[in-house]
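Chemist: Take a look at the following structure, please.
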Amino acid sequence: MEVAILLATMENLALLDAADELSQMIIGSEEMEAYQAAKEALQTNPETQARIKQFTKIKEQYEEVSRFGRYHPDHKEVTRKARAFKREVDMDENVAVFRRAEMDLQSLLDEISILLASAVSDNIKVPTGNPFFEQKSACSTGGCGSGGGCGCSA
């Protein structure tokens, strides 16, 4: 009995060591370095931060106005401003670079999650939110009507 516990503990330690090694590889990856550099540039650029603060302020106004919908007297103006500020933030180079780096890092993490899950079982579902990683339906019709009982993604 003690030998089985010792072996299980050794296996757990080996698994934890492998997980630590994987996490260090992720932290040292090009995607993580690009993400950290983009995040630093985003947080330290005064013009980018001013745009983000303006957008946050108008977004709060938009949320307040949206409670009343189009019946609020400032609805049209606040909605127009919110869209304009959102476009301005989206067009900011630092924001665009950060979002691209964020998507690249997320794709790396999604790939790793799928590899880990499939190593355990093909039945483990990994919610990636990325259609590239979604599995196709097993049914030729696209759905069997049994709630996924046949293995399709109903």
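Lettering and numbering for the structure tokens are positional, with chains as A, B, ... in the shown order, residues counted from 1 in each chain, and ligands counted from 1 in the shown order.
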Could you give me, as a tab-separated table, every segment 41-80 of chain A residue with an atom at most 12 Å from segment 86-108 of chain A, plus its closest atom pair and distance in Å to one decimal, counting only C-alpha atoms, rows ordered by chain then number?
Modeler:
residue	atom	partner	partner_atom	distance
A:Ala41	CA	A:Asn94	CA	6.5
A:Leu42	CA	A:Asn94	CA	5.3
A:Gln43	CA	A:Asn94	CA	9.0
A:Thr44	CA	A:Asn94	CA	9.9
A:Asn45	CA	A:Asn94	CA	8.0
A:Pro46	CA	A:Asn94	CA	10.8
A:Glu47	CA	A:Asp92	CA	9.0
A:Thr48	CA	A:Asp92	CA	6.8
A:Gln49	CA	A:Val89	CA	9.4
A:Ala50	CA	A:Val89	CA	9.6
A:Arg51	CA	A:Val89	CA	6.0
A:Ile52	CA	A:Val89	CA	6.4
A:Lys53	CA	A:Val89	CA	9.8
A:Gln54	CA	A:Val89	CA	9.2
A:Phe55	CA	A:Lys86	CA	6.4
A:Thr56	CA	A:Lys86	CA	9.3
A:Lys57	CA	A:Lys86	CA	11.3
A:Ile58	CA	A:Lys86	CA	9.4
A:Lys59	CA	A:Lys86	CA	8.9
A:Tyr62	CA	A:Lys86	CA	11.7
A:Val78	CA	A:Lys86	CA	12.0
A:Thr79	CA	A:Lys86	CA	10.5
A:Arg80	CA	A:Lys86	CA	9.9
Chemist: For the residues in that selection, give me N, CA and C atoms as an mmCIF file, in the first residue's frame.
Modeler:
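As written to disk, out-v3.cif reads:
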data_model
loop_
_atom_site.group_PDB
_atom_site.id
_atom_site.type_symbol
_atom_site.label_atom_id
_atom_site.label_comp_id
_atom_site.auth_asym_id
_atom_site.auth_seq_id
_atom_site.Cartn_x
_atom_site.Cartn_y
_atom_site.Cartn_z
ATOM 1 N N ALA A 41 3.911 49.202 -24.078
ATOM 2 C CA ALA A 41 3.761 50.354 -24.967
ATOM 3 C C ALA A 41 2.382 50.984 -24.821
ATOM 4 N N LEU A 42 1.376 50.156 -24.682
ATOM 5 C CA LEU A 42 0.001 50.628 -24.516
ATOM 6 C C LEU A 42 -0.154 51.421 -23.216
ATOM 7 N N GLN A 43 0.428 50.904 -22.143
ATOM 8 C CA GLN A 43 0.268 51.527 -20.830
ATOM 9 C C GLN A 43 1.130 52.770 -20.632
ATOM 10 N N THR A 44 2.204 52.899 -21.386
ATOM 11 C CA THR A 44 3.120 54.018 -21.156
ATOM 12 C C THR A 44 2.976 55.154 -22.165
ATOM 13 N N ASN A 45 2.230 54.949 -23.238
ATOM 14 C CA ASN A 45 2.064 55.998 -24.236
ATOM 15 C C ASN A 45 0.990 56.976 -23.767
ATOM 16 N N PRO A 46 1.355 58.241 -23.544
ATOM 17 C CA PRO A 46 0.375 59.199 -23.002
ATOM 18 C C PRO A 46 -0.798 59.476 -23.946
ATOM 19 N N GLU A 47 -0.537 59.520 -25.266
ATOM 20 C CA GLU A 47 -1.632 59.781 -26.203
ATOM 21 C C GLU A 47 -2.634 58.623 -26.219
ATOM 22 N N THR A 48 -2.111 57.410 -26.196
ATOM 23 C CA THR A 48 -2.984 56.236 -26.168
ATOM 24 C C THR A 48 -3.802 56.225 -24.889
ATOM 25 N N GLN A 49 -3.164 56.498 -23.771
ATOM 26 C CA GLN A 49 -3.877 56.512 -22.500
ATOM 27 C C GLN A 49 -4.944 57.604 -22.462
ATOM 28 N N ALA A 50 -4.657 58.762 -23.069
ATOM 29 C CA ALA A 50 -5.654 59.843 -23.122
ATOM 30 C C ALA A 50 -6.868 59.406 -23.944
ATOM 31 N N ARG A 51 -6.618 58.717 -25.061
ATOM 32 C CA ARG A 51 -7.726 58.224 -25.887
ATOM 33 C C ARG A 51 -8.564 57.215 -25.108
ATOM 34 N N ILE A 52 -7.899 56.325 -24.411
ATOM 35 C CA ILE A 52 -8.610 55.299 -23.635
ATOM 36 C C ILE A 52 -9.442 55.958 -22.535
ATOM 37 N N LYS A 53 -8.893 56.962 -21.867
ATOM 38 C CA LYS A 53 -9.644 57.658 -20.808
ATOM 39 C C LYS A 53 -10.851 58.391 -21.373
ATOM 40 N N GLN A 54 -10.676 59.035 -22.538
ATOM 41 C CA GLN A 54 -11.808 59.706 -23.185
ATOM 42 C C GLN A 54 -12.894 58.697 -23.531
ATOM 43 N N PHE A 55 -12.470 57.577 -24.092
ATOM 44 C CA PHE A 55 -13.434 56.548 -24.469
ATOM 45 C C PHE A 55 -14.148 55.997 -23.245
ATOM 46 N N THR A 56 -13.419 55.768 -22.167
ATOM 47 C CA THR A 56 -14.029 55.252 -20.939
ATOM 48 C C THR A 56 -15.075 56.222 -20.407
ATOM 49 N N LYS A 57 -14.758 57.510 -20.466
ATOM 50 C CA LYS A 57 -15.695 58.524 -19.978
ATOM 51 C C LYS A 57 -16.965 58.545 -20.828
ATOM 52 N N ILE A 58 -16.813 58.533 -22.148
ATOM 53 C CA ILE A 58 -17.993 58.562 -23.017
ATOM 54 C C ILE A 58 -18.757 57.245 -22.931
ATOM 55 N N LYS A 59 -18.045 56.158 -22.680
ATOM 56 C CA LYS A 59 -18.705 54.855 -22.536
ATOM 57 C C LYS A 59 -19.616 54.844 -21.307
ATOM 58 N N TYR A 62 -22.607 56.704 -22.256
ATOM 59 C CA TYR A 62 -23.416 55.868 -23.145
ATOM 60 C C TYR A 62 -24.226 54.847 -22.350
ATOM 61 N N VAL A 78 -24.719 61.059 -27.783
ATOM 62 C CA VAL A 78 -23.804 60.222 -26.994
ATOM 63 C C VAL A 78 -23.441 58.962 -27.766
ATOM 64 N N THR A 79 -24.392 58.379 -28.468
ATOM 65 C CA THR A 79 -24.123 57.195 -29.281
ATOM 66 C C THR A 79 -23.124 57.527 -30.390
ATOM 67 N N ARG A 80 -23.305 58.668 -31.025
ATOM 68 C CA ARG A 80 -22.388 59.093 -32.085
ATOM 69 C C ARG A 80 -20.979 59.309 -31.520
#
Chemist: Using DSSP on the backbone, list every residue of segment 58-136 of chain A that comes out as alpha helix (DSSP H), and give them as a PyMOL selection string.
Modeler: chain A and resi 58-66+75-91+93-120
Chemist: Write the residues of the selection above to a file with C-alpha atoms, as a short mmCIF file (atom, residue, chain, number, x, y, z; two decimals), in the first residue's frame.
Modeler:
data_model
loop_
_atom_site.label_atom_id
_atom_site.label_comp_id
_atom_site.auth_asym_id
_atom_site.auth_seq_id
_atom_site.Cartn_x
_atom_site.Cartn_y
_atom_site.Cartn_z
CA ILE A 58 -17.99 58.56 -23.02
CA LYS A 59 -18.71 54.86 -22.54
CA GLU A 60 -20.00 55.58 -19.02
CA GLN A 61 -22.23 58.30 -20.47
CA TYR A 62 -23.42 55.87 -23.15
CA GLU A 63 -24.31 53.24 -20.54
CA GLU A 64 -26.27 55.83 -18.58
CA VAL A 65 -28.13 57.02 -21.68
CA SER A 66 -28.74 53.46 -22.88
CA HIS A 75 -29.12 59.36 -26.91
CA LYS A 76 -28.23 60.17 -30.52
CA GLU A 77 -25.33 62.51 -29.64
CA VAL A 78 -23.80 60.22 -26.99
CA THR A 79 -24.12 57.19 -29.28
CA ARG A 80 -22.39 59.09 -32.08
CA LYS A 81 -19.58 60.21 -29.75
CA ALA A 82 -19.14 56.70 -28.36
CA ARG A 83 -18.74 55.26 -31.86
CA ALA A 84 -16.31 58.00 -32.85
CA PHE A 85 -14.16 57.52 -29.74
CA LYS A 86 -14.25 53.74 -30.15
CA ARG A 87 -13.05 54.10 -33.73
CA GLU A 88 -10.30 56.47 -32.57
CA VAL A 89 -9.13 54.00 -29.92
CA ASP A 90 -9.33 51.09 -32.37
CA MET A 91 -7.21 53.00 -34.90
CA GLU A 93 -1.36 51.93 -33.33
CA ASN A 94 -0.54 50.81 -29.78
CA VAL A 95 -4.04 49.41 -29.26
CA ALA A 96 -3.94 47.58 -32.60
CA VAL A 97 -0.52 46.04 -31.85
CA PHE A 98 -1.68 45.02 -28.36
CA ARG A 99 -4.84 43.37 -29.66
CA ARG A 100 -2.88 41.45 -32.29
CA ALA A 101 -0.37 40.27 -29.68
CA GLU A 102 -3.23 39.33 -27.37
CA MET A 103 -4.89 37.27 -30.12
CA ASP A 104 -1.60 35.54 -30.95
CA LEU A 105 -1.03 34.62 -27.30
CA GLN A 106 -4.63 33.41 -26.99
CA SER A 107 -4.18 31.22 -30.08
CA LEU A 108 -1.05 29.68 -28.54
CA LEU A 109 -2.91 28.95 -25.30
CA ASP A 110 -5.85 27.51 -27.25
CA GLU A 111 -3.55 25.19 -29.17
CA ILE A 112 -1.90 23.99 -25.96
CA SER A 113 -5.30 23.44 -24.30
CA ILE A 114 -6.49 21.35 -27.23
CA LEU A 115 -3.31 19.28 -27.24
CA LEU A 116 -3.58 18.63 -23.50
CA ALA A 117 -7.27 17.76 -23.69
CA SER A 118 -6.87 15.44 -26.66
CA ALA A 119 -3.96 13.68 -24.94
CA VAL A 120 -6.38 12.71 -22.18
#
Chemist: To one decimal place in Å, what is the distance between atom CA of Gly129 of chain A and atom CA of Leu16 of chain A?
Modeler: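 Pair atom CA of Gly129 of chain A / atom CA of Leu16 of chain A returns 27.4 Å.
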Chemist: Can you tell me how far atom CA of Glu21 of chain A sits from atom CA of Glu40 of chain A, in Å to one decimal?
Modeler: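 Going from atom CA of Glu21 of chain A over to atom CA of Glu40 of chain A, I get 25.4 Å.
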Chemist: Atom CA of Ser29 of chain A and atom CA of Leu15 of chain A, how far apart in Å?
Modeler: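 Between atom CA of Leu15 of chain A and atom CA of Ser29 of chain A the gap is 20.9 Å.
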